[in-house]
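Trainee: I'd like to ask you about the structure that follows.
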Amino acid sequence: MQKSNVDIRSLQIGFGGLKVLENLNLNVEASEFLVLLGPSGCGKSTLLNAIAGLIDVRGGEIHIGGRDVTWAEPKDRGIAMVFQSYALYPRMSVRRNMSFGLSVAGTPRDEIERRVGEAARMLQLNSLLDRRPSELSGGQRQRVAIGRALVRHAGVYLFDEPLSNLDAQLRAELRVEIKRLHARLGATMIYVTHDQIEALTLADRIAVMQGGVIQQLDTPKKIYREPVNRFVASFVGSPAMNFIPGRIARDGETGFIAGANRLGLNGYAFRGLPTDAPAVLGIRPEHIELTASDDPSAVSARVEMVEPMGADTLIWCRLADNTAFSFRHDADAQVCVGDTLNVRFPAEALSLFDEISGQRL
């Protein structure tokens, strides 16, 4: 199976006077699974549609497999696409839905049968080949849509939020199927989603987008642990990262002052920061720890809400200066609303952001 890279250079897309993408650059390696992640309206689907040739560009170039395809027809780009809507032909069987594009392209019948059989085995559709879409569940229909793309043996596979119409259990099941499929085929895949769980579990790299700009392009681990700005920090992670406003102090020991609380910042990542500068401290809920009252790093907080999550418990608290935060505790936590807890914020788990720009310090 052909595996192509995708190289996007200074891409510009707009509608009327609205600029959607401006001088966007992105390189997707052959065999890579790249996820375009961001909220509605950030430009991720527009970018995917531009790669597919479904919308015109105002400037820049799109190269697939080393070929300039900026103005090529979709059928000539060596791509296959899976849409949010299944878009299956209701009167055709599963077999016919999967083979129709190949038939139109004049592919020999024996080759069509081989490709359809191969895709059906991969997606566990063998027993469903003679059914019609109305006789299938939502998950089965989406498998057929994926199979229809697979039989094309494309250089690049494009997925536009393919799981968003499914319930939570089906999304989880198909997410695993897609990950297995990529591992088996080693194909180049570009996947659009607003679901950060999908992005973190599927991607080799994630491009987090906002306002038509790629805010951060990196591995899931790097984006989760070292977000480049507050937007990325808040968008990636569930529940979101806690943000605590305050200022940096350096009077013998580097610290962060939040109201009446002082948090130590002696980790390597915080060296060289300006003294007495306003900043925002970020920490993820799973990194906050309960501690004893005589711990010098302890911070006192009042419990406002307790959310049992099954595997663990999410506890919402408020500091004396009224700053709210949440942290994870084990499922058997004996904590009630109104309790006062002592917690610590480990320096190695903290992030600091500029108060105005939101950029990571």
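To be explicit about the labels: the chains of the structure tokens are called A, B, and onward in the order shown, and within each one the residues are counted from 1, while ligands get numbers from 1 in the order they are shown.
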Considering only C-alpha atoms, tabulate each residue of region 101-189 of chain A that lies at most 12 Å from region 32-35 of chain A along with its nearest interatomic pair and the corresponding distance in Å to one decimal; arrange the rows by chain and ascending residue number and present them as CSV.

Mentor:
```
residue,atom,partner,partner_atom,distance
A:Gly155,CA,A:Glu32,CA,11.4
A:Val156,CA,A:Glu32,CA,9.7
A:Tyr157,CA,A:Phe33,CA,9.5
A:Leu158,CA,A:Leu34,CA,9.9
A:Phe159,CA,A:Val35,CA,9.2
A:Asp160,CA,A:Val35,CA,10.2
A:Glu161,CA,A:Val35,CA,10.3
A:Ile178,CA,A:Phe33,CA,10.4
A:Lys179,CA,A:Phe33,CA,9.1
A:Arg180,CA,A:Phe33,CA,11.8
A:Leu181,CA,A:Phe33,CA,11.0
A:His182,CA,A:Phe33,CA,7.6
A:Ala183,CA,A:Phe33,CA,9.6
A:Leu185,CA,A:Glu32,CA,11.0
A:Gly186,CA,A:Glu32,CA,7.7
A:Ala187,CA,A:Glu32,CA,7.1
A:Thr188,CA,A:Glu32,CA,5.0
A:Met189,CA,A:Phe33,CA,4.8
```

Trainee: Write out, as a compact mmCIF listing (two decimals), in the first residue's frame, the residues just selected, with N, CA, C and O atoms.

Mentor:
```txt
# COMPACT_ATOMS: atom_id res chain seq x y z
N GLY A 155 -2.79 6.90 -0.71
CA GLY A 155 -1.54 7.30 -0.06
C GLY A 155 -1.79 7.99 1.26
O GLY A 155 -0.96 7.96 2.16
N VAL A 156 -2.96 8.65 1.39
CA VAL A 156 -3.31 9.38 2.61
C VAL A 156 -4.78 9.15 2.90
O VAL A 156 -5.62 9.23 1.99
N TYR A 157 -5.10 8.88 4.17
CA TYR A 157 -6.49 8.70 4.60
C TYR A 157 -6.87 9.88 5.49
O TYR A 157 -6.15 10.22 6.43
N LEU A 158 -8.00 10.49 5.16
CA LEU A 158 -8.48 11.67 5.87
C LEU A 158 -9.77 11.32 6.62
O LEU A 158 -10.71 10.79 6.02
N PHE A 159 -9.81 11.64 7.91
CA PHE A 159 -10.97 11.34 8.75
C PHE A 159 -11.52 12.65 9.30
O PHE A 159 -10.82 13.35 10.03
N ASP A 160 -12.77 12.97 8.96
CA ASP A 160 -13.39 14.21 9.45
C ASP A 160 -14.41 13.88 10.55
O ASP A 160 -15.57 13.61 10.27
N GLU A 161 -13.96 13.89 11.80
CA GLU A 161 -14.79 13.60 12.97
C GLU A 161 -15.67 12.36 12.75
O GLU A 161 -16.90 12.43 12.89
N ILE A 178 -9.65 1.81 14.88
CA ILE A 178 -8.87 2.71 14.01
C ILE A 178 -7.40 2.65 14.39
O ILE A 178 -6.52 2.65 13.51
N LYS A 179 -7.11 2.59 15.68
CA LYS A 179 -5.71 2.51 16.12
C LYS A 179 -5.07 1.20 15.64
O LYS A 179 -3.92 1.18 15.18
N ARG A 180 -5.81 0.11 15.75
CA ARG A 180 -5.30 -1.18 15.27
C ARG A 180 -5.08 -1.14 13.76
O ARG A 180 -4.11 -1.70 13.23
N LEU A 181 -6.01 -0.50 13.07
CA LEU A 181 -5.93 -0.40 11.62
C LEU A 181 -4.66 0.34 11.21
O LEU A 181 -3.94 -0.08 10.29
N HIS A 182 -4.38 1.44 11.88
CA HIS A 182 -3.17 2.19 11.55
C HIS A 182 -1.92 1.38 11.84
O HIS A 182 -0.96 1.38 11.05
N ALA A 183 -1.91 0.66 12.96
CA ALA A 183 -0.75 -0.16 13.31
C ALA A 183 -0.54 -1.26 12.27
O ALA A 183 0.60 -1.60 11.93
N LEU A 185 -1.70 -1.26 8.96
CA LEU A 185 -1.43 -0.75 7.62
C LEU A 185 -0.20 0.13 7.54
O LEU A 185 0.45 0.20 6.50
N GLY A 186 0.08 0.84 8.63
CA GLY A 186 1.17 1.81 8.60
C GLY A 186 0.89 2.94 7.63
O GLY A 186 1.80 3.56 7.08
N ALA A 187 -0.40 3.24 7.40
CA ALA A 187 -0.79 4.26 6.42
C ALA A 187 -0.69 5.66 7.01
O ALA A 187 -0.71 5.85 8.23
N THR A 188 -0.58 6.65 6.14
CA THR A 188 -0.62 8.04 6.56
C THR A 188 -2.07 8.42 6.83
O THR A 188 -2.92 8.27 5.97
N MET A 189 -2.34 8.90 8.05
CA MET A 189 -3.70 9.25 8.41
C MET A 189 -3.74 10.63 9.05
O MET A 189 -2.91 10.95 9.91
```

Trainee: Write out as a PyMOL selection string the set of residues from region 107-220 of chain A that DSSP, computed on the backbone, places in strand (DSSP E).

Mentor: chain A and resi 156-160+188-193+205-210+213-218

Trainee: Please, what distance in Å, to one decimal, runs between CA of Ile248 (chain A) and CA of Ala279 (chain A)?

Mentor: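 Computed distance, CA of Ile248 (chain A) to CA of Ala279 (chain A), equals 6.8 Å.
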
Trainee: Skipping near chain neighbours, those fewer than 3 positions away, what residues fall within 12 Å of Phe83 (chain A) using only C-alpha atoms, listed as a PDB file with N, CA, C and O atoms, in the first residue's frame?

Mentor:
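In the end it all went to part-v9.pdb:
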```
ATOM      1  N   SER A  45     -11.347  21.436  10.137  1.00  0.00           N
ATOM      2  CA  SER A  45     -12.049  20.785   9.018  1.00  0.00           C
ATOM      3  C   SER A  45     -11.772  21.516   7.710  1.00  0.00           C
ATOM      4  O   SER A  45     -11.687  20.887   6.648  1.00  0.00           O
ATOM      5  N   LEU A  48      -8.525  20.161   6.520  1.00  0.00           N
ATOM      6  CA  LEU A  48      -8.679  18.807   5.986  1.00  0.00           C
ATOM      7  C   LEU A  48      -9.327  18.843   4.603  1.00  0.00           C
ATOM      8  O   LEU A  48      -8.899  18.125   3.687  1.00  0.00           O
ATOM      9  N   ASN A  49     -10.357  19.673   4.445  1.00  0.00           N
ATOM     10  CA  ASN A  49     -11.032  19.775   3.157  1.00  0.00           C
ATOM     11  C   ASN A  49     -10.128  20.361   2.081  1.00  0.00           C
ATOM     12  O   ASN A  49     -10.252  20.024   0.902  1.00  0.00           O
ATOM     13  N   ALA A  52      -8.001  17.604   0.892  1.00  0.00           N
ATOM     14  CA  ALA A  52      -8.800  16.708   0.053  1.00  0.00           C
ATOM     15  C   ALA A  52      -9.153  17.340  -1.298  1.00  0.00           C
ATOM     16  O   ALA A  52      -9.585  16.634  -2.210  1.00  0.00           O
ATOM     17  N   ALA A  80      -8.130   9.183   0.350  1.00  0.00           N
ATOM     18  CA  ALA A  80      -9.450   8.612   0.620  1.00  0.00           C
ATOM     19  C   ALA A  80      -9.965   9.279   1.880  1.00  0.00           C
ATOM     20  O   ALA A  80      -9.183   9.576   2.797  1.00  0.00           O
ATOM     21  N   TYR A  86     -22.070   8.972   7.517  1.00  0.00           N
ATOM     22  CA  TYR A  86     -21.653   7.730   6.873  1.00  0.00           C
ATOM     23  C   TYR A  86     -21.727   7.844   5.351  1.00  0.00           C
ATOM     24  O   TYR A  86     -20.901   7.282   4.637  1.00  0.00           O
ATOM     25  N   ALA A  87     -22.732   8.574   4.841  1.00  0.00           N
ATOM     26  CA  ALA A  87     -22.886   8.816   3.397  1.00  0.00           C
ATOM     27  C   ALA A  87     -22.885   7.516   2.605  1.00  0.00           C
ATOM     28  O   ALA A  87     -22.226   7.401   1.569  1.00  0.00           O
ATOM     29  N   LEU A  88     -23.641   6.519   3.079  1.00  0.00           N
ATOM     30  CA  LEU A  88     -23.739   5.245   2.376  1.00  0.00           C
ATOM     31  C   LEU A  88     -24.944   5.265   1.436  1.00  0.00           C
ATOM     32  O   LEU A  88     -25.939   5.942   1.689  1.00  0.00           O
ATOM     33  N   ARG A 141     -22.175   0.822  10.397  1.00  0.00           N
ATOM     34  CA  ARG A 141     -22.200   1.728   9.241  1.00  0.00           C
ATOM     35  C   ARG A 141     -20.895   2.502   9.125  1.00  0.00           C
ATOM     36  O   ARG A 141     -20.384   2.704   8.016  1.00  0.00           O
ATOM     37  N   GLN A 142     -20.379   2.940  10.254  1.00  0.00           N
ATOM     38  CA  GLN A 142     -19.121   3.682  10.183  1.00  0.00           C
ATOM     39  C   GLN A 142     -17.976   2.773   9.760  1.00  0.00           C
ATOM     40  O   GLN A 142     -17.055   3.205   9.058  1.00  0.00           O
ATOM     41  N   ARG A 143     -18.023   1.502  10.157  1.00  0.00           N
ATOM     42  CA  ARG A 143     -17.021   0.551   9.687  1.00  0.00           C
ATOM     43  C   ARG A 143     -17.087   0.399   8.169  1.00  0.00           C
ATOM     44  O   ARG A 143     -16.061   0.302   7.494  1.00  0.00           O
ATOM     45  N   VAL A 144     -18.301   0.372   7.633  1.00  0.00           N
ATOM     46  CA  VAL A 144     -18.457   0.280   6.177  1.00  0.00           C
ATOM     47  C   VAL A 144     -17.857   1.515   5.505  1.00  0.00           C
ATOM     48  O   VAL A 144     -17.168   1.409   4.485  1.00  0.00           O
ATOM     49  N   ALA A 145     -18.113   2.693   6.084  1.00  0.00           N
ATOM     50  CA  ALA A 145     -17.560   3.926   5.518  1.00  0.00           C
ATOM     51  C   ALA A 145     -16.034   3.891   5.538  1.00  0.00           C
ATOM     52  O   ALA A 145     -15.377   4.320   4.578  1.00  0.00           O
ATOM     53  N   ILE A 146     -15.457   3.370   6.614  1.00  0.00           N
ATOM     54  CA  ILE A 146     -13.994   3.237   6.685  1.00  0.00           C
ATOM     55  C   ILE A 146     -13.512   2.222   5.662  1.00  0.00           C
ATOM     56  O   ILE A 146     -12.500   2.423   4.976  1.00  0.00           O
ATOM     57  N   ARG A 148     -14.905   1.435   2.836  1.00  0.00           N
ATOM     58  CA  ARG A 148     -15.004   2.039   1.510  1.00  0.00           C
ATOM     59  C   ARG A 148     -13.764   2.866   1.191  1.00  0.00           C
ATOM     60  O   ARG A 148     -13.302   2.918   0.048  1.00  0.00           O
ATOM     61  N   ALA A 149     -13.209   3.535   2.217  1.00  0.00           N
ATOM     62  CA  ALA A 149     -11.979   4.301   2.016  1.00  0.00           C
ATOM     63  C   ALA A 149     -10.774   3.381   1.880  1.00  0.00           C
ATOM     64  O   ALA A 149      -9.894   3.599   1.041  1.00  0.00           O
ATOM     65  N   TYR A 157      -5.098   8.878   4.175  1.00  0.00           N
ATOM     66  CA  TYR A 157      -6.491   8.700   4.602  1.00  0.00           C
ATOM     67  C   TYR A 157      -6.873   9.882   5.487  1.00  0.00           C
ATOM     68  O   TYR A 157      -6.152  10.225   6.428  1.00  0.00           O
ATOM     69  N   LEU A 158      -8.001  10.495   5.163  1.00  0.00           N
ATOM     70  CA  LEU A 158      -8.482  11.675   5.872  1.00  0.00           C
ATOM     71  C   LEU A 158      -9.767  11.317   6.616  1.00  0.00           C
ATOM     72  O   LEU A 158     -10.707  10.786   6.023  1.00  0.00           O
ATOM     73  N   PHE A 159      -9.811  11.635   7.911  1.00  0.00           N
ATOM     74  CA  PHE A 159     -10.973  11.340   8.747  1.00  0.00           C
ATOM     75  C   PHE A 159     -11.524  12.647   9.304  1.00  0.00           C
ATOM     76  O   PHE A 159     -10.823  13.353  10.032  1.00  0.00           O
ATOM     77  N   ASP A 160     -12.773  12.969   8.964  1.00  0.00           N
ATOM     78  CA  ASP A 160     -13.392  14.209   9.453  1.00  0.00           C
ATOM     79  C   ASP A 160     -14.405  13.879  10.549  1.00  0.00           C
ATOM     80  O   ASP A 160     -15.572  13.614  10.266  1.00  0.00           O
ATOM     81  N   GLU A 161     -13.962  13.886  11.800  1.00  0.00           N
ATOM     82  CA  GLU A 161     -14.788  13.596  12.973  1.00  0.00           C
ATOM     83  C   GLU A 161     -15.672  12.358  12.747  1.00  0.00           C
ATOM     84  O   GLU A 161     -16.897  12.428  12.893  1.00  0.00           O
ATOM     85  N   PRO A 162     -15.079  11.213  12.407  1.00  0.00           N
ATOM     86  CA  PRO A 162     -15.879  10.045  12.020  1.00  0.00           C
ATOM     87  C   PRO A 162     -16.670   9.411  13.153  1.00  0.00           C
ATOM     88  O   PRO A 162     -17.589   8.637  12.899  1.00  0.00           O
ATOM     89  N   LEU A 163     -16.332   9.718  14.409  1.00  0.00           N
ATOM     90  CA  LEU A 163     -16.997   9.051  15.528  1.00  0.00           C
ATOM     91  C   LEU A 163     -17.977   9.947  16.276  1.00  0.00           C
ATOM     92  O   LEU A 163     -18.594   9.509  17.248  1.00  0.00           O
ATOM     93  N   SER A 164     -18.132  11.180  15.853  1.00  0.00           N
ATOM     94  CA  SER A 164     -18.905  12.134  16.647  1.00  0.00           C
ATOM     95  C   SER A 164     -20.397  11.818  16.696  1.00  0.00           C
ATOM     96  O   SER A 164     -21.099  12.284  17.592  1.00  0.00           O
ATOM     97  N   ASN A 165     -20.902  11.027  15.738  1.00  0.00           N
ATOM     98  CA  ASN A 165     -22.328  10.698  15.739  1.00  0.00           C
ATOM     99  C   ASN A 165     -22.647   9.433  16.532  1.00  0.00           C
ATOM    100  O   ASN A 165     -23.802   9.007  16.580  1.00  0.00           O
ATOM    101  N   TYR A 191      -6.521  13.059  10.995  1.00  0.00           N
ATOM    102  CA  TYR A 191      -7.788  12.829  11.690  1.00  0.00           C
ATOM    103  C   TYR A 191      -8.224  14.113  12.379  1.00  0.00           C
ATOM    104  O   TYR A 191      -7.469  14.689  13.177  1.00  0.00           O
ATOM    105  N   VAL A 192      -9.425  14.587  12.069  1.00  0.00           N
ATOM    106  CA  VAL A 192      -9.964  15.809  12.678  1.00  0.00           C
ATOM    107  C   VAL A 192     -10.909  15.442  13.815  1.00  0.00           C
ATOM    108  O   VAL A 192     -11.764  14.566  13.668  1.00  0.00           O
ATOM    109  N   THR A 193     -10.750  16.110  14.964  1.00  0.00           N
ATOM    110  CA  THR A 193     -11.666  15.887  16.078  1.00  0.00           C
ATOM    111  C   THR A 193     -11.627  17.086  17.026  1.00  0.00           C
ATOM    112  O   THR A 193     -10.661  17.853  17.047  1.00  0.00           O
TER     113      THR A 193
END
```

Trainee: Would you kindly return, as number ranges by chain, each protein, DNA or RNA residue with an atom no farther than 9 Å from any atom of Val232 (chain A), considering only C-alpha atoms and excluding same-chain residues fewer than 3 positions away?

Mentor: A: 208-209, 215-216, 223-224, 227-229, 235-236

Trainee: Output the selection as a PDB file, in the first residue's frame - N, CA, C and O atoms for each residue.

Mentor:
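Output below, filename result02.pdb:
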```pdb
ATOM      1  N   VAL A 208      -2.702  21.189  17.767  1.00  0.00           N
ATOM      2  CA  VAL A 208      -3.788  21.868  18.470  1.00  0.00           C
ATOM      3  C   VAL A 208      -4.013  23.213  17.787  1.00  0.00           C
ATOM      4  O   VAL A 208      -3.089  24.023  17.668  1.00  0.00           O
ATOM      5  N   MET A 209      -5.265  23.454  17.334  1.00  0.00           N
ATOM      6  CA  MET A 209      -5.561  24.655  16.564  1.00  0.00           C
ATOM      7  C   MET A 209      -6.546  25.566  17.284  1.00  0.00           C
ATOM      8  O   MET A 209      -7.418  25.103  18.017  1.00  0.00           O
ATOM      9  N   GLN A 215      -1.453  26.106  17.385  1.00  0.00           N
ATOM     10  CA  GLN A 215      -0.873  26.601  18.630  1.00  0.00           C
ATOM     11  C   GLN A 215       0.308  25.744  19.094  1.00  0.00           C
ATOM     12  O   GLN A 215       1.288  26.261  19.619  1.00  0.00           O
ATOM     13  N   GLN A 216       0.191  24.435  18.915  1.00  0.00           N
ATOM     14  CA  GLN A 216       1.264  23.527  19.313  1.00  0.00           C
ATOM     15  C   GLN A 216       1.170  22.266  18.470  1.00  0.00           C
ATOM     16  O   GLN A 216       0.089  21.709  18.254  1.00  0.00           O
ATOM     17  N   ILE A 223       2.414  17.534  24.675  1.00  0.00           N
ATOM     18  CA  ILE A 223       1.341  18.526  24.729  1.00  0.00           C
ATOM     19  C   ILE A 223       0.637  18.487  26.074  1.00  0.00           C
ATOM     20  O   ILE A 223       0.275  19.522  26.635  1.00  0.00           O
ATOM     21  N   TYR A 224       0.442  17.291  26.618  1.00  0.00           N
ATOM     22  CA  TYR A 224      -0.244  17.169  27.906  1.00  0.00           C
ATOM     23  C   TYR A 224       0.627  17.685  29.046  1.00  0.00           C
ATOM     24  O   TYR A 224       0.142  18.368  29.947  1.00  0.00           O
ATOM     25  N   PRO A 227       2.271  22.101  27.883  1.00  0.00           N
ATOM     26  CA  PRO A 227       1.515  22.939  26.941  1.00  0.00           C
ATOM     27  C   PRO A 227       2.196  24.288  26.746  1.00  0.00           C
ATOM     28  O   PRO A 227       2.712  24.873  27.698  1.00  0.00           O
ATOM     29  N   VAL A 228       2.196  24.794  25.515  1.00  0.00           N
ATOM     30  CA  VAL A 228       2.931  26.025  25.222  1.00  0.00           C
ATOM     31  C   VAL A 228       2.192  27.267  25.675  1.00  0.00           C
ATOM     32  O   VAL A 228       2.786  28.338  25.794  1.00  0.00           O
ATOM     33  N   ASN A 229       0.882  27.160  25.905  1.00  0.00           N
ATOM     34  CA  ASN A 229       0.128  28.317  26.369  1.00  0.00           C
ATOM     35  C   ASN A 229      -1.118  27.864  27.122  1.00  0.00           C
ATOM     36  O   ASN A 229      -1.413  26.668  27.208  1.00  0.00           O
ATOM     37  N   PHE A 235      -7.476  23.222  26.974  1.00  0.00           N
ATOM     38  CA  PHE A 235      -8.253  22.426  26.022  1.00  0.00           C
ATOM     39  C   PHE A 235      -7.901  20.938  26.092  1.00  0.00           C
ATOM     40  O   PHE A 235      -8.752  20.083  25.853  1.00  0.00           O
ATOM     41  N   VAL A 236      -6.657  20.635  26.395  1.00  0.00           N
ATOM     42  CA  VAL A 236      -6.211  19.240  26.452  1.00  0.00           C
ATOM     43  C   VAL A 236      -6.176  18.786  27.899  1.00  0.00           C
ATOM     44  O   VAL A 236      -5.419  19.319  28.705  1.00  0.00           O
TER      45      VAL A 236
END
```

Trainee: Give me, as a ChimeraX atom specification, the residues of region 141-227 of chain A that a backbone DSSP run labels helix (DSSP H, G or I).

Mentor: /A:141-150,168-185,196-202,220-225

Trainee: Could you check the closest approach to Pro346 (chain A) for each of A:Ile283, A:Ala233, A:Ile315, A:Ala301 and tell me which residue wins, using only C-alpha atoms?

Mentor: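 So, comparing all the options, the nearest one is A:Ile283.
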
Trainee: Using only C-alpha atoms, determine which residues lie at most 8 Å from Leu123 (chain A), disregarding the query and same-chain residues fewer than 3 positions distant; provide the list as a list of chain:residue names.

Mentor: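 Contacts, in chain order: A:Ala119, A:Ala120, A:Arg143, A:Gly147, A:Glu177.
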
Trainee: Which residue gives the smallest distance to Arg114 (chain A) among A:Lys221, A:Arg318, A:Arg262, A:His153, with only C-alpha atoms counted?

Mentor: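 Closest to Arg114 (chain A), using only C-alpha atoms: A:His153.
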
Trainee: Within 10 Å of Glu307 (chain A), counting only C-alpha atoms, which residues show up once you throw out same-chain ones fewer than 4 positions away? Write them as a ChimeraX atom specification, please.

Mentor: /A:312-316,328,331

Trainee: Can I get the selection written as a PDB file, in the first residue's frame, with N, CA and C atoms?

Mentor:
```
ATOM      1  N   ASP A 312     -12.139   6.973  40.330  1.00  0.00           N
ATOM      2  CA  ASP A 312     -11.593   7.901  41.315  1.00  0.00           C
ATOM      3  C   ASP A 312     -12.652   8.936  41.668  1.00  0.00           C
ATOM      4  N   THR A 313     -12.261   9.922  42.457  1.00  0.00           N
ATOM      5  CA  THR A 313     -13.181  10.970  42.892  1.00  0.00           C
ATOM      6  C   THR A 313     -12.576  12.326  42.567  1.00  0.00           C
ATOM      7  N   LEU A 314     -13.379  13.214  42.011  1.00  0.00           N
ATOM      8  CA  LEU A 314     -12.921  14.569  41.734  1.00  0.00           C
ATOM      9  C   LEU A 314     -13.435  15.474  42.841  1.00  0.00           C
ATOM     10  N   ILE A 315     -12.515  16.156  43.511  1.00  0.00           N
ATOM     11  CA  ILE A 315     -12.854  17.000  44.650  1.00  0.00           C
ATOM     12  C   ILE A 315     -12.610  18.463  44.279  1.00  0.00           C
ATOM     13  N   TRP A 316     -13.652  19.269  44.409  1.00  0.00           N
ATOM     14  CA  TRP A 316     -13.559  20.693  44.105  1.00  0.00           C
ATOM     15  C   TRP A 316     -13.374  21.468  45.408  1.00  0.00           C
ATOM     16  N   ARG A 328      -7.877  15.095  41.900  1.00  0.00           N
ATOM     17  CA  ARG A 328      -8.338  13.713  41.901  1.00  0.00           C
ATOM     18  C   ARG A 328      -7.872  12.997  43.159  1.00  0.00           C
ATOM     19  N   ALA A 331     -11.156   6.413  44.732  1.00  0.00           N
ATOM     20  CA  ALA A 331     -12.607   6.239  44.697  1.00  0.00           C
ATOM     21  C   ALA A 331     -13.231   6.108  46.082  1.00  0.00           C
TER      22      ALA A 331
END
```

Trainee: So the first atom is CA of Gly237 (chain A) and the second is CA of Ile206 (chain A); what is the distance between them in Å, to one decimal place?

Mentor: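 A separation of 13.3 Å between them.
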
Trainee: Expressed in Å to a single decimal, how great is the separation between CA of Ala168 (chain A) and CA of His287 (chain A)?

Mentor: 26.6 Å

Trainee: Hey, which of A:Asp76, A:Asp339, A:Glu118, A:Asp218 ends up closest to Leu26 (chain A)? Count only C-alpha atoms.

Mentor: A:Asp218

Trainee: So that I can see what lies close to Ala154 (chain A), please list as a list in words the residues with an atom at most 7 Å from it, counting only C-alpha atoms and leaving out residues fewer than 5 positions away in the same chain.

Mentor: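 Neighbouring residues, sequence-local ones excluded: Gln2, Gly78, Ile79 and Ala80 of chain A.
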
Trainee: Restricted to N, CA, C and O atoms, what would the selected residues look like written as a CSV table (one decimal), in the first residue's frame?

Mentor:
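Written out: out-v9.csv:
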```csv
chain,number,residue,atom,x,y,z
A,2,GLN,N,0.6,2.2,-0.9
A,2,GLN,CA,1.3,3.4,-1.0
A,2,GLN,C,1.2,4.3,0.3
A,2,GLN,O,0.1,4.3,0.9
A,78,GLY,N,-4.7,11.0,-4.7
A,78,GLY,CA,-4.2,9.8,-4.0
A,78,GLY,C,-4.7,9.8,-2.5
A,78,GLY,O,-4.0,9.4,-1.7
A,79,ILE,N,-5.9,10.3,-2.3
A,79,ILE,CA,-6.4,10.4,-0.9
A,79,ILE,C,-7.8,9.6,-0.9
A,79,ILE,O,-8.4,9.4,-1.9
A,80,ALA,N,-8.1,9.2,0.3
A,80,ALA,CA,-9.4,8.6,0.6
A,80,ALA,C,-10.0,9.3,1.9
A,80,ALA,O,-9.2,9.6,2.8
```
